[in-house]
Amino acid sequence: MDTRFLGNSGFKVPALGFGAGTFGGKGPLFSAWGNTDVAQARRLIEICLDAGVNLFDTADVYSDGASESILGAAIQGRRDQVILSTKLSLRAGEGANDVGASRHHLIRGVDRALQRLGTDYIDLLQLHHFDAQTPVEQVMSTLDDLVRAGKLRYLGVSNYSGWQLMKSQAVADRYGYSRFVANQTYYSLVGRDYEWELMPLAQDQGVGAVVWSPLGWGRLTGKIRRGQPLPEGSRLHDTAGFAPPVDEARLYDIVDALDEVAAETGKTVPQIALNWLLQRPTVSSVLIGARNEEQLRQNLGAVGWNLSAEQVAKLDAASRVTPPYPYYPYWNGMFAERTPAPV
């Protein structure tokens, strides 16, 4: 398994990581994702470790904490072999302070995550969303305290806009706090918004992308085809309302291009979609999910080879969209004389 630096941290992570959102199966969203128990999780983790995938990502809100608990139980005796990544700041209880990035919630949330994971430190903690009600100075100060206490090793964000991430970095620089080195972001052939602002910011600020939903919320599994109904077993029947929107005509154009490349390479549609992401700038790790061994082994086949430049160009063309202002002048070449070529 190829390893890459996690942004400008000096710390290396595998090109593929495992997302444990399928562990637990509690609630309307996560029950549709999967209901992996401890024994099944242990087996999936064994397969991952054998393949060199040792980054495991979860969150306190995944199945009301059950995902963290199952992951913690499944890695018992193997803590030194794995990289643990989790997230917090979304609502994780009914109390008035069970949400956000206040000092109270961050400290208590980290302690609770450590308990569920059965460890005394978290390799990567990411804030699950931006808390506009808590001063950024307090957020960064608290996170820095947790790093200095040895409870956290590295910091990241998720679902931040460019200005929110940049303001946080500026505050960290001003006061000498630990900086964010990771951005767990939605990015795929059907969702390329990351490229307009967050990717250039990541290049400038040394922030590595940890990609979630690389198959476009299940739309790039190879099972969705033009003119055909959703397959009976597709989780989109239950989760489409939670998913980022996708233009159907564009989706089918992308699937057609994926099918063409699949015929040329002998690889599956998901493997091609994942490999395309692994060749994008700033991508440190792509999180794959799996409800069973078959899905996991297929996704692991996305590494060890590369799409050709021509195949990448074909997928780029099928998935490209005109970015919004003020980014389109850079994209269409209007400012090309004084700026780098668009991604």
# chains A, B, ... in the order shown; residues from 1 in each chain; ligands from 1
>>> residues_around(residues="stretch 265-272 of chain A", least_positions_apart="6", cutoff="6 Å", atoms="only C-alpha atoms", output="number ranges by chain")
A: 221-222, 258, 299, 302
>>> residues_around(residues="stretch 42-50 of chain A", least_positions_apart="4", cutoff="12 Å", atoms="only C-alpha atoms", output="PyMOL selection string")
chain A and resi 1+14+16-20+22-23+36-38+54-57+70-83+287-301
>>> atom_distance(atom1="atom CA of A:Asp123", atom2="atom CA of A:Asp60")
15.0 Å
>>> closest_residue(among="A:Leu117, A:Leu198, A:Leu215, A:Ala51", to="A:Val157", atoms="only C-alpha atoms")
A:Leu198
>>> atom_distance(atom1="atom CA of A:Ile224", atom2="atom CA of A:Lys26")
26.2 Å
>>> atom_distance(atom1="atom CA of A:Asp144", atom2="atom CA of A:Gln164")
17.6 Å
>>> select_by_dssp(residues="stretch 77-257 of chain A", states="strand (DSSP E or B)", output="PyMOL selection string")
chain A and resi 83-88+122-127+152-158+180-186+188+191+208-212
>>> closest_residue(among="A:Pro244, A:Pro214, A:Pro229, A:Pro323", to="A:Leu278", atoms="only C-alpha atoms")
A:Pro214
>>> closest_residue(among="A:Val13, A:Ala113, A:Val207, A:Leu29", to="A:Glu68", atoms="only C-alpha atoms")
A:Ala113
>>> residues_around(residues="A:Asp111", least_positions_apart="4", cutoff="9 Å", atoms="only C-alpha atoms", output="ChimeraX atom specification")
/A:106-107,115-116,120,151
>>> select_by_dssp(residues="stretch 65-309 of chain A", states="alpha helix (DSSP H)", output="PyMOL selection string")
chain A and resi 66-74+103-117+136-148+162-175+198-205+236-239+248-265+269-278+293-300+309
>>> closest_residue(among="A:Leu125, A:Ala101, A:Val255, A:Ala202", to="A:Thr58", atoms="only C-alpha atoms")
A:Leu125
>>> residues_around(residues="A:Leu201", least_positions_apart="6", cutoff="9 Å", atoms="only C-alpha atoms", output="VMD selection string")
chain A and resid 162 165 to 166 207
>>> residues_around(residues="A:Val246", least_positions_apart="5", cutoff="12 Å", atoms="only C-alpha atoms", output="list in words")
Ser188, Leu189, Val190, Gly191, Arg192, Asp193, Gly216, Trp217, Gly218, Arg219, Leu220, Ala240, Gly241, Leu251, Tyr252, Asp253, Ile254, Ser319 and Val321 of chain A
>>> residues_around(residues="A:Val171", least_positions_apart="6", cutoff="8 Å", atoms="only C-alpha atoms", output="ChimeraX atom specification")
/A:136-137,140,177
>>> closest_residue(among="A:Ala309, A:Ala39, A:Leu6, A:Ala172", to="A:Thr282", atoms="only C-alpha atoms")
A:Leu6
